[in-house]
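To start, the structure under review is shown below, and the notes come after it.
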Amino acid sequence: MLRRLPVRAGETVYVPGGTLHSFGPATLVYEIEQTSDIQQHAMRWNMEDGSPVGDEEFTANLDMLMRQVDLASRPEFTPGLRIAAGDGVERVFLTASRYFALERWTAGTAEPLRHAFATAQILTNVGAPVRVCSGAWSGELGRAETLLLPAALGEVELTGPADVLLGYLPDLDRDVRAPLLAAGYALPVIRSLTAGAPSSRNGGEQGQAAG
(Lines give C-alpha, C1' and ligand atoms only; values in the text may rest on other atoms or scores of the structure.)
Protein backbone atom coordinates (compact mmCIF):
# COMPACT_ATOMS: atom_id res chain seq x y z
CA MET A 1 0.00 0.00 0.00
CA LEU A 2 3.00 2.30 0.37
CA ARG A 3 5.01 3.83 -2.44
CA ARG A 4 8.46 2.25 -2.69
CA LEU A 5 11.60 4.33 -3.29
CA PRO A 6 14.98 2.85 -4.26
CA VAL A 7 17.69 3.58 -1.70
CA ARG A 8 21.03 4.75 -3.06
CA ALA A 9 24.01 5.40 -0.82
CA GLY A 10 24.75 9.10 -0.37
CA GLU A 11 21.24 10.41 -1.13
CA THR A 12 18.93 12.11 1.35
CA VAL A 13 15.19 12.35 1.79
CA TYR A 14 13.46 15.14 3.69
CA VAL A 15 10.44 13.69 5.54
CA PRO A 16 7.77 16.23 6.59
CA GLY A 17 5.84 15.59 9.79
CA GLY A 18 2.87 13.29 9.21
CA THR A 19 4.57 11.28 6.44
CA LEU A 20 4.09 7.55 6.92
CA HIS A 21 7.41 5.83 6.24
CA SER A 22 9.40 2.69 6.91
CA PHE A 23 12.67 1.08 5.83
CA GLY A 24 13.31 -2.10 3.91
CA PRO A 25 15.77 -4.82 4.96
CA ALA A 26 19.54 -4.22 4.94
CA THR A 27 19.04 -0.45 4.99
CA LEU A 28 21.34 1.84 6.97
CA VAL A 29 20.23 5.47 7.41
CA TYR A 30 21.55 8.46 9.32
CA GLU A 31 18.63 10.46 10.71
CA ILE A 32 18.53 14.03 11.95
CA GLU A 33 15.18 15.35 13.10
CA GLN A 34 13.18 18.14 14.65
CA THR A 35 13.21 18.13 18.43
CA SER A 36 9.92 16.49 19.38
CA ASP A 37 8.47 14.28 22.10
CA ILE A 38 5.70 13.03 19.78
CA GLN A 39 5.92 9.88 17.71
CA GLN A 40 3.27 7.69 16.17
CA HIS A 41 4.08 4.23 14.88
CA ALA A 42 2.18 1.16 13.67
CA MET A 43 4.64 -1.56 14.56
CA ARG A 44 4.12 -4.64 16.72
CA TRP A 45 7.07 -3.65 18.92
CA ASN A 46 8.23 -0.57 20.78
CA MET A 47 11.10 1.30 19.16
CA GLU A 48 12.76 2.07 22.50
CA ASP A 49 13.41 -1.48 23.69
CA GLY A 50 11.84 -3.93 21.21
CA SER A 51 9.18 -5.04 23.68
CA PRO A 52 5.91 -6.32 22.11
CA VAL A 53 2.87 -4.08 21.59
CA GLY A 54 -0.43 -5.66 22.67
CA ASP A 55 -3.49 -5.88 20.41
CA GLU A 56 -5.41 -3.09 22.15
CA GLU A 57 -2.48 -0.66 22.02
CA PHE A 58 -1.70 -1.67 18.43
CA THR A 59 -5.28 -0.92 17.32
CA ALA A 60 -5.23 2.43 19.15
CA ASN A 61 -1.91 3.28 17.46
CA LEU A 62 -3.38 2.55 14.03
CA ASP A 63 -6.41 4.75 14.74
CA MET A 64 -4.22 7.65 15.88
CA LEU A 65 -1.87 7.22 12.94
CA MET A 66 -4.74 7.51 10.47
CA ARG A 67 -5.82 10.77 12.12
CA GLN A 68 -2.33 12.22 11.76
CA VAL A 69 -1.05 10.81 8.46
CA ASP A 70 -0.58 13.17 5.51
CA LEU A 71 -1.35 11.01 2.47
CA ALA A 72 -0.45 13.84 0.06
CA SER A 73 3.18 13.91 1.24
CA ARG A 74 5.42 12.30 -1.41
CA PRO A 75 9.07 13.15 -0.62
CA GLU A 76 11.85 12.14 -2.99
CA PHE A 77 15.53 11.34 -2.50
CA THR A 78 17.97 14.07 -3.54
CA PRO A 79 21.78 13.99 -4.04
CA GLY A 80 22.28 17.35 -2.31
CA LEU A 81 23.95 20.56 -3.48
CA ARG A 82 27.74 20.59 -3.81
CA ILE A 83 30.23 23.40 -3.41
CA ALA A 84 34.03 23.44 -3.29
CA ALA A 85 35.46 24.31 0.12
CA GLY A 86 39.19 24.03 -0.59
CA ASP A 87 41.74 22.05 -2.57
CA GLY A 88 40.15 18.61 -2.73
CA VAL A 89 37.58 19.57 -0.09
CA GLU A 90 33.88 19.28 -0.98
CA ARG A 91 30.85 20.41 1.01
CA VAL A 92 27.45 18.87 0.17
CA PHE A 93 24.26 20.35 1.62
CA LEU A 94 22.04 17.29 2.05
CA THR A 95 18.96 18.82 3.67
CA ALA A 96 18.06 21.98 5.56
CA SER A 97 15.05 23.39 7.39
CA ARG A 98 14.41 25.78 10.25
CA TYR A 99 14.81 22.81 12.63
CA PHE A 100 18.01 21.20 11.34
CA ALA A 101 20.60 21.05 8.59
CA LEU A 102 22.75 18.11 7.50
CA GLU A 103 25.91 18.35 5.40
CA ARG A 104 28.46 15.86 4.12
CA TRP A 105 32.07 16.97 3.87
CA THR A 106 34.86 15.08 2.10
CA ALA A 107 38.54 15.90 1.85
CA GLY A 108 41.62 14.40 0.25
CA THR A 109 45.19 14.83 1.38
CA ALA A 110 46.04 18.11 -0.36
CA GLU A 111 44.42 20.34 2.24
CA PRO A 112 42.76 19.77 5.65
CA LEU A 113 39.02 20.12 6.02
CA ARG A 114 38.43 23.39 7.88
CA HIS A 115 34.99 24.53 9.01
CA ALA A 116 33.96 27.56 11.10
CA PHE A 117 30.61 27.46 12.91
CA ALA A 118 28.39 29.54 15.19
CA THR A 119 26.13 26.80 16.62
CA ALA A 120 26.89 23.39 18.12
CA GLN A 121 27.82 20.76 15.54
CA ILE A 122 27.21 17.00 15.55
CA LEU A 123 30.21 15.50 13.75
CA THR A 124 29.85 11.88 12.59
CA ASN A 125 32.59 10.00 10.76
CA VAL A 126 31.31 7.82 7.90
CA GLY A 127 34.74 7.08 6.46
CA ALA A 128 38.13 5.89 7.66
CA PRO A 129 39.42 7.11 11.06
CA VAL A 130 40.33 10.82 11.01
CA ARG A 131 42.33 13.21 13.18
CA VAL A 132 40.10 16.00 14.57
CA CYS A 133 41.36 19.29 16.04
CA SER A 134 39.03 21.82 17.63
CA GLY A 135 40.12 24.47 20.10
CA ALA A 136 42.75 22.99 22.39
CA TRP A 137 41.49 19.42 21.86
CA SER A 138 42.62 16.90 19.28
CA GLY A 139 41.97 13.21 18.87
CA GLU A 140 41.05 10.42 16.50
CA LEU A 141 37.44 9.86 15.46
CA GLY A 142 36.80 6.29 14.35
CA ARG A 143 34.39 5.08 11.69
CA ALA A 144 30.73 5.47 12.76
CA GLU A 145 31.75 7.50 15.83
CA THR A 146 30.14 10.84 16.68
CA LEU A 147 31.54 13.93 18.37
CA LEU A 148 29.59 16.90 19.74
CA LEU A 149 31.36 20.21 19.09
CA PRO A 150 30.07 23.03 21.35
CA ALA A 151 29.40 26.37 19.67
CA ALA A 152 32.08 28.02 21.82
CA LEU A 153 34.81 26.14 19.93
CA GLY A 154 33.95 28.03 16.72
CA GLU A 155 35.98 25.91 14.30
CA VAL A 156 37.13 22.39 13.52
CA GLU A 157 39.93 20.95 11.39
CA LEU A 158 40.17 17.39 10.06
CA THR A 159 43.20 15.83 8.42
CA GLY A 160 42.22 14.03 5.24
CA PRO A 161 41.29 11.77 3.75
CA ALA A 162 37.98 12.44 5.46
CA ASP A 163 34.29 11.68 4.91
CA VAL A 164 32.06 13.12 7.62
CA LEU A 165 28.53 14.32 8.33
CA LEU A 166 27.80 17.61 10.12
CA GLY A 167 24.40 18.23 11.67
CA TYR A 168 23.35 21.47 13.33
CA LEU A 169 20.56 23.97 14.01
CA PRO A 170 21.02 26.53 11.24
CA ASP A 171 20.48 30.17 10.61
CA LEU A 172 19.10 29.45 7.13
CA ASP A 173 20.18 32.75 5.58
CA ARG A 174 23.71 32.72 7.00
CA ASP A 175 24.53 29.01 7.03
CA VAL A 176 22.67 27.67 4.00
CA ARG A 177 21.36 30.25 1.54
CA ALA A 178 24.38 32.59 1.58
CA PRO A 179 27.07 29.98 0.69
CA LEU A 180 24.84 28.30 -1.90
CA LEU A 181 23.88 31.61 -3.54
CA ALA A 182 27.57 32.57 -3.62
CA ALA A 183 28.28 29.26 -5.36
CA GLY A 184 25.74 30.12 -8.08
CA TYR A 185 22.68 28.14 -7.00
CA ALA A 186 19.27 29.78 -7.55
CA LEU A 187 16.73 30.04 -4.74
CA PRO A 188 14.32 27.47 -6.27
CA VAL A 189 17.17 24.96 -6.39
CA ILE A 190 18.11 25.72 -2.78
CA ARG A 191 14.51 25.11 -1.76
CA SER A 192 14.82 21.58 -3.19
CA LEU A 193 16.74 20.69 -0.01
CA THR A 194 13.32 20.54 1.62
CA ALA A 195 11.41 19.30 -1.41
CA GLY A 196 8.78 17.79 0.86
CA ALA A 197 6.74 20.84 1.84
CA PRO A 198 6.79 21.39 5.63
CA SER A 199 3.72 20.08 7.38
CA SER A 200 1.99 21.41 10.49
CA ARG A 201 1.00 17.89 11.54
CA ASN A 202 2.46 16.23 14.62
CA GLY A 203 5.38 13.86 14.42
CA GLY A 204 8.38 16.01 13.60
CA GLU A 205 10.29 16.69 10.42
CA GLN A 206 13.23 14.46 9.56
CA GLY A 207 16.17 14.27 7.20
CA GLN A 208 17.43 10.79 6.43
CA ALA A 209 20.64 10.05 4.56
CA ALA A 210 21.25 6.60 3.12
CA GLY A 211 24.50 4.98 4.16
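In the C-alpha coordinates, chains take the letters A, B, ... in the order shown, each chain's residues start at 1, and ligands count up from 1 in the order shown.
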Checklist entry - If we count only C-alpha atoms, what is near Leu20 (chain A) at a cut-off of 12 Å, once residues fewer than 2 positions away on the same chain are taken out, given as a PyMOL selection string? => result chain A and resi 1-4+15-18+22-23+39-43+62+65-75+201-206
Next on the checklist: Residues within 7 Å of region 90-106 of chain A, please, as number ranges by chain. Count only C-alpha atoms; anything in the same chain fewer than 3 positions from it doesn't count.
Outcome noted: A: 12, 14, 33-34, 79-85, 162-170, 172, 193-194, 207
Item to check | Among listed residues A:Arg44, A:Asp171, A:Phe77, A:Ile32, nearest Glu57 (chain A) (using only C-alpha atoms) | outcome: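 So, comparing all the options, the nearest one is A:Arg44.
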Next on the checklist: Quick check for you: according to DSSP on this backbone, which residues of region 6-148 of chain A are classed as strand (DSSP E or B)? Reply as a PyMOL selection string.
Outcome noted: chain A and resi 12-15+29-33+45+52+77-78+81-86+89-96+101-107+113-116+121-125+130-134+137-141+146-148
Checklist entry - DSSP on the backbone: what in chain A comes out alpha helix (DSSP H), as a ChimeraX atom specification? => result /A:55-68,178-182,187-190
Checklist entry - Given the choices A:Leu158, A:Leu28, A:Ile38, A:Ala178, which gets closest to Ala9 (chain A) if the distance is worked out from only C-alpha atoms? => result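 Of all the options, A:Leu28 lies closest to Ala9 (chain A).
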Item to check | Which of A:Pro161, A:Val189, A:Leu148, A:Pro112 sits closest to Pro129 (chain A) [using only C-alpha atoms] | outcome: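 Of A:Pro161, A:Val189, A:Leu148, A:Pro112, the one nearest Pro129 (chain A) is A:Pro161, counting only C-alpha atoms.
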Next on the checklist: Quick check, in Å to one decimal: how far apart do CA of Leu5 (chain A) and CA of Ala26 (chain A) lie?
Outcome noted: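 Pair CA of Leu5 (chain A) / CA of Ala26 (chain A) returns 14.3 Å.
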Checklist entry - So how many Å separate CA of Ser134 (chain A) and CA of Glu157 (chain A), to one decimal? => result 6.4 Å
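Relative to CA of Arg8 (chain A), CA of Thr35 (chain A) is found at 26.5 Å.
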